[in-house]
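Below: data_35.cif (mmCIF, C-alpha atoms)
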```cif
data_run
loop_
_atom_site.label_atom_id
_atom_site.label_comp_id
_atom_site.auth_asym_id
_atom_site.auth_seq_id
_atom_site.Cartn_x
_atom_site.Cartn_y
_atom_site.Cartn_z
CA MET D 1 123.16 178.08 52.76
CA LYS D 2 126.10 179.70 51.01
CA PRO D 3 129.53 179.48 52.64
CA LYS D 4 130.50 182.52 54.69
CA LYS D 5 134.04 183.74 55.07
CA THR D 6 134.98 183.98 58.72
CA PRO D 7 137.76 186.48 59.47
CA HIS D 8 140.22 185.88 62.26
CA LYS D 9 139.38 187.82 65.39
CA THR D 10 141.26 188.54 68.59
CA PRO D 11 140.34 185.79 71.09
CA HIS D 12 138.16 186.77 74.04
CA PRO D 13 138.43 185.25 77.54
CA PRO D 14 137.74 181.50 77.33
CA VAL D 15 134.33 180.11 78.18
CA PRO D 16 134.40 176.95 80.36
CA ALA D 17 133.06 174.13 78.21
CA THR D 18 133.08 170.43 77.49
CA LEU D 19 133.33 168.82 74.06
CA LYS D 20 131.25 165.83 73.03
CA TRP D 21 132.10 164.14 69.74
CA ALA D 22 130.84 161.27 67.59
CA GLY D 23 132.31 160.00 64.34
CA TRP D 24 131.14 157.45 61.79
CA THR D 25 132.10 156.33 58.29
CA ASP D 26 130.45 154.00 55.77
CA THR D 27 131.72 152.58 52.48
CA GLY D 28 128.33 153.21 50.87
CA ARG D 29 126.32 151.01 48.53
CA VAL D 30 128.55 151.18 45.42
CA ARG D 31 132.23 151.46 46.34
CA LYS D 32 134.21 148.37 47.34
CA ASN D 33 136.66 150.19 49.61
CA ASN D 34 136.50 153.19 51.90
CA GLU D 35 138.85 156.04 50.98
CA ASP D 36 137.54 158.32 53.75
CA ALA D 37 139.32 158.72 57.08
CA PHE D 38 138.63 160.76 60.20
CA LEU D 39 140.57 161.73 63.29
CA GLY D 40 140.03 162.97 66.83
CA LEU D 41 143.09 164.15 68.74
CA ARG D 42 143.66 165.55 72.24
CA PHE D 43 146.99 167.23 72.91
CA ASP D 44 148.96 169.78 74.90
CA ALA D 45 152.64 170.65 75.25
CA ARG D 46 153.44 167.27 76.85
CA ASP D 47 150.92 164.69 75.69
CA VAL D 48 149.20 163.48 72.51
CA HIS D 49 146.24 161.11 72.64
CA ARG D 50 144.24 159.77 69.70
CA LEU D 51 140.51 159.74 70.50
CA GLY D 52 137.89 157.07 69.88
CA LYS D 53 134.78 157.38 67.73
CA PHE D 54 132.70 158.68 70.66
CA GLY D 55 133.66 160.63 73.74
CA GLN D 56 133.47 163.65 75.99
CA ALA D 57 136.22 165.75 77.58
CA ASP D 58 136.94 169.04 79.33
CA LEU D 59 138.05 171.68 76.82
CA ALA D 60 139.78 173.81 79.48
CA ARG D 61 142.60 171.32 80.07
CA HIS D 62 143.63 170.36 76.53
CA HIS D 63 143.41 171.35 72.89
CA PHE D 64 141.40 169.14 70.52
CA THR D 65 141.64 168.57 66.79
CA PHE D 66 139.12 166.79 64.56
CA ALA D 67 139.54 166.16 60.84
CA VAL D 68 137.99 164.33 57.89
CA CYS D 69 139.78 163.35 54.69
CA ASP D 70 138.48 161.95 51.39
CA GLY D 71 141.20 160.23 49.39
CA MET D 72 141.45 159.82 45.63
CA GLY D 73 143.68 157.81 43.33
CA GLY D 74 144.04 154.54 41.46
CA ALA D 75 143.94 151.12 43.16
CA GLN D 76 144.16 151.79 46.91
CA ALA D 77 146.05 155.09 46.62
CA GLY D 78 143.05 157.05 47.87
CA GLU D 79 142.99 155.03 51.08
CA TYR D 80 146.71 155.60 51.55
CA ALA D 81 146.35 159.34 50.99
CA SER D 82 143.61 159.89 53.57
CA GLU D 83 145.27 157.69 56.19
CA ILE D 84 148.66 159.32 55.68
CA ALA D 85 147.05 162.74 56.08
CA VAL D 86 145.42 161.95 59.44
CA ASP D 87 148.61 160.27 60.68
CA LYS D 88 150.63 163.37 59.74
CA ILE D 89 148.22 165.56 61.73
CA THR D 90 148.91 163.39 64.78
CA THR D 91 152.65 163.98 64.58
CA LEU D 92 152.96 167.48 63.10
CA LEU D 93 150.31 169.57 64.86
CA PRO D 94 151.31 168.78 68.47
CA CYS D 95 154.92 169.62 67.57
CA ALA D 96 153.84 173.17 66.76
CA PHE D 97 151.90 173.62 70.00
CA PRO D 98 154.71 174.61 72.42
CA ARG D 99 156.04 177.27 70.03
CA ARG D 100 152.60 178.81 69.40
CA ALA D 101 151.50 178.53 73.03
CA ARG D 102 154.41 180.71 74.18
CA THR D 103 153.20 183.69 72.13
CA ARG D 104 150.57 186.16 73.33
CA GLN D 105 148.53 185.80 70.11
CA PRO D 106 149.23 182.32 68.70
CA GLY D 107 149.49 182.19 64.89
CA TYR D 108 146.91 179.48 64.29
CA ALA D 109 146.45 180.39 60.63
CA GLU D 110 150.19 180.12 60.03
CA THR D 111 150.38 176.84 61.94
CA LEU D 112 147.52 175.31 59.93
CA THR D 113 148.93 176.56 56.63
CA GLU D 114 152.27 174.99 57.50
CA LEU D 115 150.55 171.74 58.48
CA PHE D 116 148.62 171.50 55.22
CA THR D 117 151.75 172.35 53.21
CA GLN D 118 153.81 169.63 54.86
CA ILE D 119 151.10 167.01 54.31
CA HIS D 120 150.77 168.10 50.68
CA HIS D 121 154.51 167.76 50.09
CA ALA D 122 154.62 164.35 51.82
CA LEU D 123 151.82 162.98 49.62
CA ALA D 124 153.35 164.43 46.45
CA TYR D 125 156.73 162.92 47.35
CA LEU D 126 155.29 159.46 47.96
CA GLY D 127 153.31 159.70 44.74
CA ASP D 128 156.52 160.39 42.82
CA CYS D 129 158.47 157.61 44.55
CA TYR D 130 156.01 154.69 44.41
CA GLU D 131 154.02 153.63 41.39
CA GLU D 132 151.11 152.38 43.50
CA CYS D 133 150.81 155.85 45.06
CA HIS D 134 151.14 157.84 41.86
CA GLY D 135 148.58 160.64 41.63
CA MET D 136 147.10 160.05 45.08
CA GLN D 137 145.32 163.03 46.60
CA THR D 138 143.05 163.82 49.50
CA THR D 139 140.73 166.52 50.72
CA MET D 140 141.18 167.64 54.32
CA SER D 141 138.91 169.65 56.61
CA LEU D 142 140.22 170.24 60.13
CA CYS D 143 138.90 171.91 63.30
CA TRP D 144 141.20 172.95 66.15
CA PHE D 145 139.31 173.63 69.39
CA THR D 146 140.72 175.83 72.15
CA PRO D 147 138.78 177.40 75.07
CA GLY D 148 136.28 179.78 73.45
CA TRP D 149 137.46 179.35 69.86
CA MET D 150 137.53 176.94 66.94
CA TYR D 151 140.18 177.44 64.24
CA PHE D 152 139.81 175.62 60.95
CA GLY D 153 141.75 174.73 57.83
CA HIS D 154 140.37 173.27 54.63
CA VAL D 155 141.27 172.04 51.14
CA GLY D 156 138.90 170.19 48.78
CA ASP D 157 135.16 169.53 48.83
CA SER D 158 134.72 167.98 52.25
CA ARG D 159 132.98 170.50 54.49
CA ILE D 160 132.79 172.06 57.94
CA TYR D 161 129.40 173.29 59.12
CA HIS D 162 128.45 175.32 62.19
CA LEU D 163 125.03 175.18 63.83
CA PRO D 164 124.98 177.88 66.54
CA ARG D 165 122.88 177.41 69.63
CA GLY D 166 119.23 178.18 68.88
CA ALA D 167 119.81 178.60 65.14
CA ASN D 168 117.59 176.96 62.54
CA ALA D 169 120.03 177.05 59.61
CA LEU D 170 123.52 175.68 59.12
CA CYS D 171 126.44 177.95 58.32
CA GLN D 172 128.89 176.35 55.88
CA LEU D 173 132.28 177.60 57.03
CA THR D 174 134.35 176.11 54.21
CA GLU D 175 134.25 176.76 50.48
CA ASP D 176 134.22 173.82 48.06
CA ASP D 177 137.33 173.90 45.87
CA THR D 178 135.32 173.19 42.71
CA HIS D 179 134.00 175.30 39.85
CA VAL D 180 130.48 174.26 40.83
CA GLY D 181 131.16 175.50 44.35
CA TRP D 182 132.21 178.86 42.89
CA LEU D 183 129.01 179.03 40.84
CA PHE D 184 126.93 178.35 43.96
CA ARG D 185 128.79 180.86 46.15
CA ASN D 186 128.26 183.55 43.55
CA GLY D 187 124.56 182.89 43.11
CA LYS D 188 124.83 181.45 39.60
CA ILE D 189 123.10 178.21 40.63
CA ASN D 190 121.05 177.08 43.64
CA GLU D 191 121.67 174.16 46.01
CA ARG D 192 119.57 171.72 43.98
CA GLU D 193 121.38 172.65 40.74
CA ALA D 194 124.76 172.35 42.45
CA ARG D 195 123.90 168.87 43.72
CA GLN D 196 122.86 167.72 40.24
CA HIS D 197 125.65 169.37 38.25
CA PRO D 198 127.68 166.79 36.25
CA ARG D 199 131.00 168.37 37.31
CA ARG D 200 130.18 168.84 40.98
CA ASN D 201 132.91 166.41 42.10
CA VAL D 202 135.72 167.78 39.89
CA LEU D 203 138.25 169.28 42.29
CA GLN D 204 140.35 172.33 41.54
CA LYS D 205 142.50 171.84 44.63
CA ALA D 206 143.55 168.88 46.80
CA LEU D 207 146.52 167.73 48.86
CA GLY D 208 149.02 165.67 46.87
CA GLY D 209 148.71 164.89 43.18
CA GLY D 210 150.25 167.21 40.63
CA ASN D 211 149.66 170.50 42.42
CA GLN D 212 152.90 172.33 43.18
CA PHE D 213 151.45 174.66 45.79
CA VAL D 214 148.27 174.33 47.86
CA THR D 215 147.07 177.16 50.10
CA PRO D 216 144.33 176.12 52.52
CA GLN D 217 141.34 178.19 53.53
CA THR D 218 141.70 179.11 57.21
CA GLY D 219 139.41 180.88 59.65
CA ALA D 220 138.21 181.18 63.22
CA VAL D 221 134.83 180.95 64.92
CA ALA D 222 133.97 181.85 68.50
CA CYS D 223 132.22 178.89 70.12
CA ALA D 224 130.08 178.58 73.22
CA PRO D 225 127.96 175.90 74.91
CA GLY D 226 125.14 174.82 72.63
CA ASP D 227 127.14 175.15 69.40
CA ILE D 228 127.43 172.13 67.10
CA PHE D 229 130.09 171.60 64.43
CA LEU D 230 129.95 169.02 61.66
CA LEU D 231 132.87 167.82 59.54
CA CYS D 232 131.84 165.61 56.62
CA THR D 233 132.91 164.24 53.26
CA ASP D 234 130.94 164.85 50.07
CA GLY D 235 129.19 161.48 50.39
CA LEU D 236 127.12 163.00 53.18
CA THR D 237 126.18 166.16 51.29
CA GLU D 238 125.30 164.10 48.21
CA GLY D 239 122.68 162.29 50.29
CA LEU D 240 121.32 165.10 52.47
CA TYR D 241 120.28 168.68 51.84
CA ASP D 242 121.52 171.28 54.33
CA HIS D 243 118.10 171.69 55.95
CA SER D 244 117.92 167.91 56.59
CA VAL D 245 121.39 167.95 58.14
CA ALA D 246 120.39 170.81 60.45
CA GLU D 247 117.19 169.03 61.47
CA LEU D 248 119.00 165.79 62.30
CA LEU D 249 121.68 167.65 64.25
CA ARG D 250 119.06 169.45 66.35
CA GLU D 251 117.16 166.22 67.00
CA THR D 252 120.20 164.24 68.10
CA ALA D 253 121.50 167.11 70.27
CA ALA D 254 118.15 167.49 72.00
CA ALA D 255 118.02 163.76 72.65
CA GLY D 256 121.60 163.66 73.92
CA ASP D 257 122.34 161.06 71.26
CA ALA D 258 126.00 160.06 71.26
CA ALA D 259 125.52 158.42 67.84
CA ALA D 260 124.71 161.67 65.99
CA ALA D 261 127.27 160.94 63.28
CA HIS D 262 125.89 157.44 62.73
CA THR D 263 122.38 158.88 62.32
CA LEU D 264 123.58 161.35 59.64
CA VAL D 265 125.65 158.79 57.73
CA THR D 266 122.87 156.19 57.76
CA ALA D 267 120.37 158.69 56.37
CA ALA D 268 122.77 159.88 53.65
CA VAL D 269 123.65 156.35 52.53
CA ARG D 270 119.96 155.41 52.47
CA ASN D 271 119.17 158.41 50.24
CA ASP D 272 122.18 158.11 47.92
CA GLY D 273 125.07 155.85 48.90
CA ARG D 274 127.12 156.21 45.72
CA ASP D 275 130.20 157.37 47.60
CA ASN D 276 131.99 156.74 50.87
CA THR D 277 130.26 158.77 53.57
CA THR D 278 131.79 160.18 56.75
CA ALA D 279 130.53 162.51 59.48
CA LEU D 280 132.21 163.83 62.60
CA VAL D 281 129.94 165.79 64.97
CA VAL D 282 131.44 167.95 67.72
CA GLN D 283 129.14 169.58 70.26
CA VAL D 284 130.12 172.23 72.81
CA VAL D 285 128.22 171.66 76.07
#
```
Would you give me this structure, written as structure tokens?
Amino acid sequence: MKPKKTPHKTPHPPVPATLKWAGWTDTGRVRKNNEDAFLGLRFDARDVHRLGKFGQADLARHHFTFAVCDGMGGAQAGEYASEIAVDKITTLLPCAFPRRARTRQPGYAETLTELFTQIHHALAYLGDCYEECHGMQTTMSLCWFTPGWMYFGHVGDSRIYHLPRGANALCQLTEDDTHVGWLFRNGKINEREARQHPRRNVLQKALGGGNQFVTPQTGAVACAPGDIFLLCTDGLTEGLYDHSVAELLRETAAAGDAAAAHTLVTAAVRNDGRDNTTALVVQVV
């Protein structure tokens, strides 16, 4: 399914809900090291807590952030880039919470844009200062959950999907920052052609590297019990078509399977496995 732009809307009264999450990453069958990283974070104005791979928590009491990053660069620079990015989220995003929380209509888009900009500048600075980090870059796709709403920011070709309650098809919330992604969004090629295109992994935008300015895609989605969100790197989408992802998400949700991400990653690596593969599944219950 083609990505859909999701405009920011005025938040409605929050819906009581609980979040369940599951994350998994695999090096794949070809790469020697894993340049993917993922993060789960619970925070409020006073406390910051990094989450484990699996868990469940009340959304009414805290805010939650989940992110996936896919690093790139020579030697181990890709690993550094993705890990630095998730560490920066842990320190920078909670710092912005008290200021935004005091306003009647918090500027989530501005906060996320600022977060992405600071991470981009930090990676670019380290790349200029240390030879082993030269040229390092990373994608980043991030979801920020508050009662009733999910706000997202994105740069690169990792993805955020939304499977609404009762829906059969996935909605791809993010747009791939590639020329092939542009061709697909504009109906020039179909999903099969996009997956087989020789330049499908050539990024036009990433955090770090030689880009002077990077503006993330941001948006907001109302969420309610029964909704499922998936954050994943391109290793997952190389191994699974969208309809297969939707089917596996529905099956694991119906079974109450806490290892939903492991199921997706295992299937993708079995089908392809040429790249590092990461999935982070967040379900509103």
Measuring between all atoms listed in the file, which one of D:Gly181, D:Gly127, D:Pro225, D:Gly73 shows the shortest distance to D:Lys20?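 Between D:Gly181, D:Gly127, D:Pro225, D:Gly73, the residue approaching D:Lys20 most closely is D:Pro225.
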Please expand the PyMOL selection byres ((chain D and resi 205) around 7) into the concrete residues it hits in this file, giving the result as an MDAnalysis selection string. chainID D and resid 155:156 177 203:204 206
Could you take the residues named above and write them with C-alpha atoms, as a short mmCIF file (atom, residue, chain, number, x, y, z; two decimals), keeping the file's coordinate frame?
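In the end it all went to again_9.cif:
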```cif
data_model
loop_
_atom_site.label_atom_id
_atom_site.label_comp_id
_atom_site.auth_asym_id
_atom_site.auth_seq_id
_atom_site.Cartn_x
_atom_site.Cartn_y
_atom_site.Cartn_z
CA VAL D 155 141.27 172.04 51.14
CA GLY D 156 138.90 170.19 48.78
CA ASP D 177 137.33 173.90 45.87
CA LEU D 203 138.25 169.28 42.29
CA GLN D 204 140.35 172.33 41.54
CA ALA D 206 143.55 168.88 46.80
#
```
Explicit residue set for the PyMOL selection byres ((chain D and resi 261) around 6), as a list in words: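 This file gives the following for the PyMOL selection byres ((chain D and resi 261) around 6): Ala22, Gly23, Trp24, Ala259, Ala260, His262, Thr263, Leu264, Ala279, Leu280 and Val281 of chain D.
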May I have the residues within 9 Å of D:Leu163 as a ChimeraX atom specification, using only C-alpha atoms and disregarding those fewer than 4 positions away in the same chain? /D:167-172,226-230,246,249-250
Report, in Å to a single decimal, how far apart atom CA of D:Tyr108 and atom CA of D:Tyr125 are.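 According to the coordinates, atom CA of D:Tyr125 and atom CA of D:Tyr108 are separated by 25.6 Å.
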For D:Val180: contacts at 7 Å, only C-alpha atoms, fewer than 6 positions along chain excluded, given as a VMD selection string: chain D and resid 194 199 to 200
For the selection you just gave me, I'd like the residues written to a file as a PDB file, in the coordinates of the input, keeping C-alpha atoms.
```
ATOM      1  CA  ALA D 194     124.760 172.350  42.450  1.00  0.00           C
ATOM      2  CA  ARG D 199     131.000 168.370  37.310  1.00  0.00           C
ATOM      3  CA  ARG D 200     130.180 168.840  40.980  1.00  0.00           C
TER       4      ARG D 200
END
```
Nearest to D:Phe43: which of D:Gly219, D:Pro94, D:Pro147, D:Pro198 is it, counting all atoms listed in the file?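 Of D:Gly219, D:Pro94, D:Pro147, D:Pro198, the one nearest D:Phe43, counting all atoms listed in the file, is D:Pro94.
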Which of these residues is nearest to D:Gly208, using all atoms listed in the file: D:Asp58, D:Asp257, D:Glu175, D:Asp128? D:Asp128
Suppose you want the space between atom CA of D:Thr111 and atom CA of D:Thr278; what is it in Å? 25.5 Å
Atom pair atom CA of D:Asn33 / atom CA of D:Pro216: separation (Å): 27.2 Å
Kindly provide, as an MDAnalysis selection string, the polymer residues lying within 8 Å of (138.8, 178.7, 62.7), counting only C-alpha atoms and using the coordinates exactly as they appear in the file. chainID D and resid 6 8 143:144 149:153 218:221
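Using all atoms listed in the file, the shortest contact distance between D:Thr277 and any of D:Leu240, D:Leu59, D:Ile119, D:Leu248 is found at D:Leu240.
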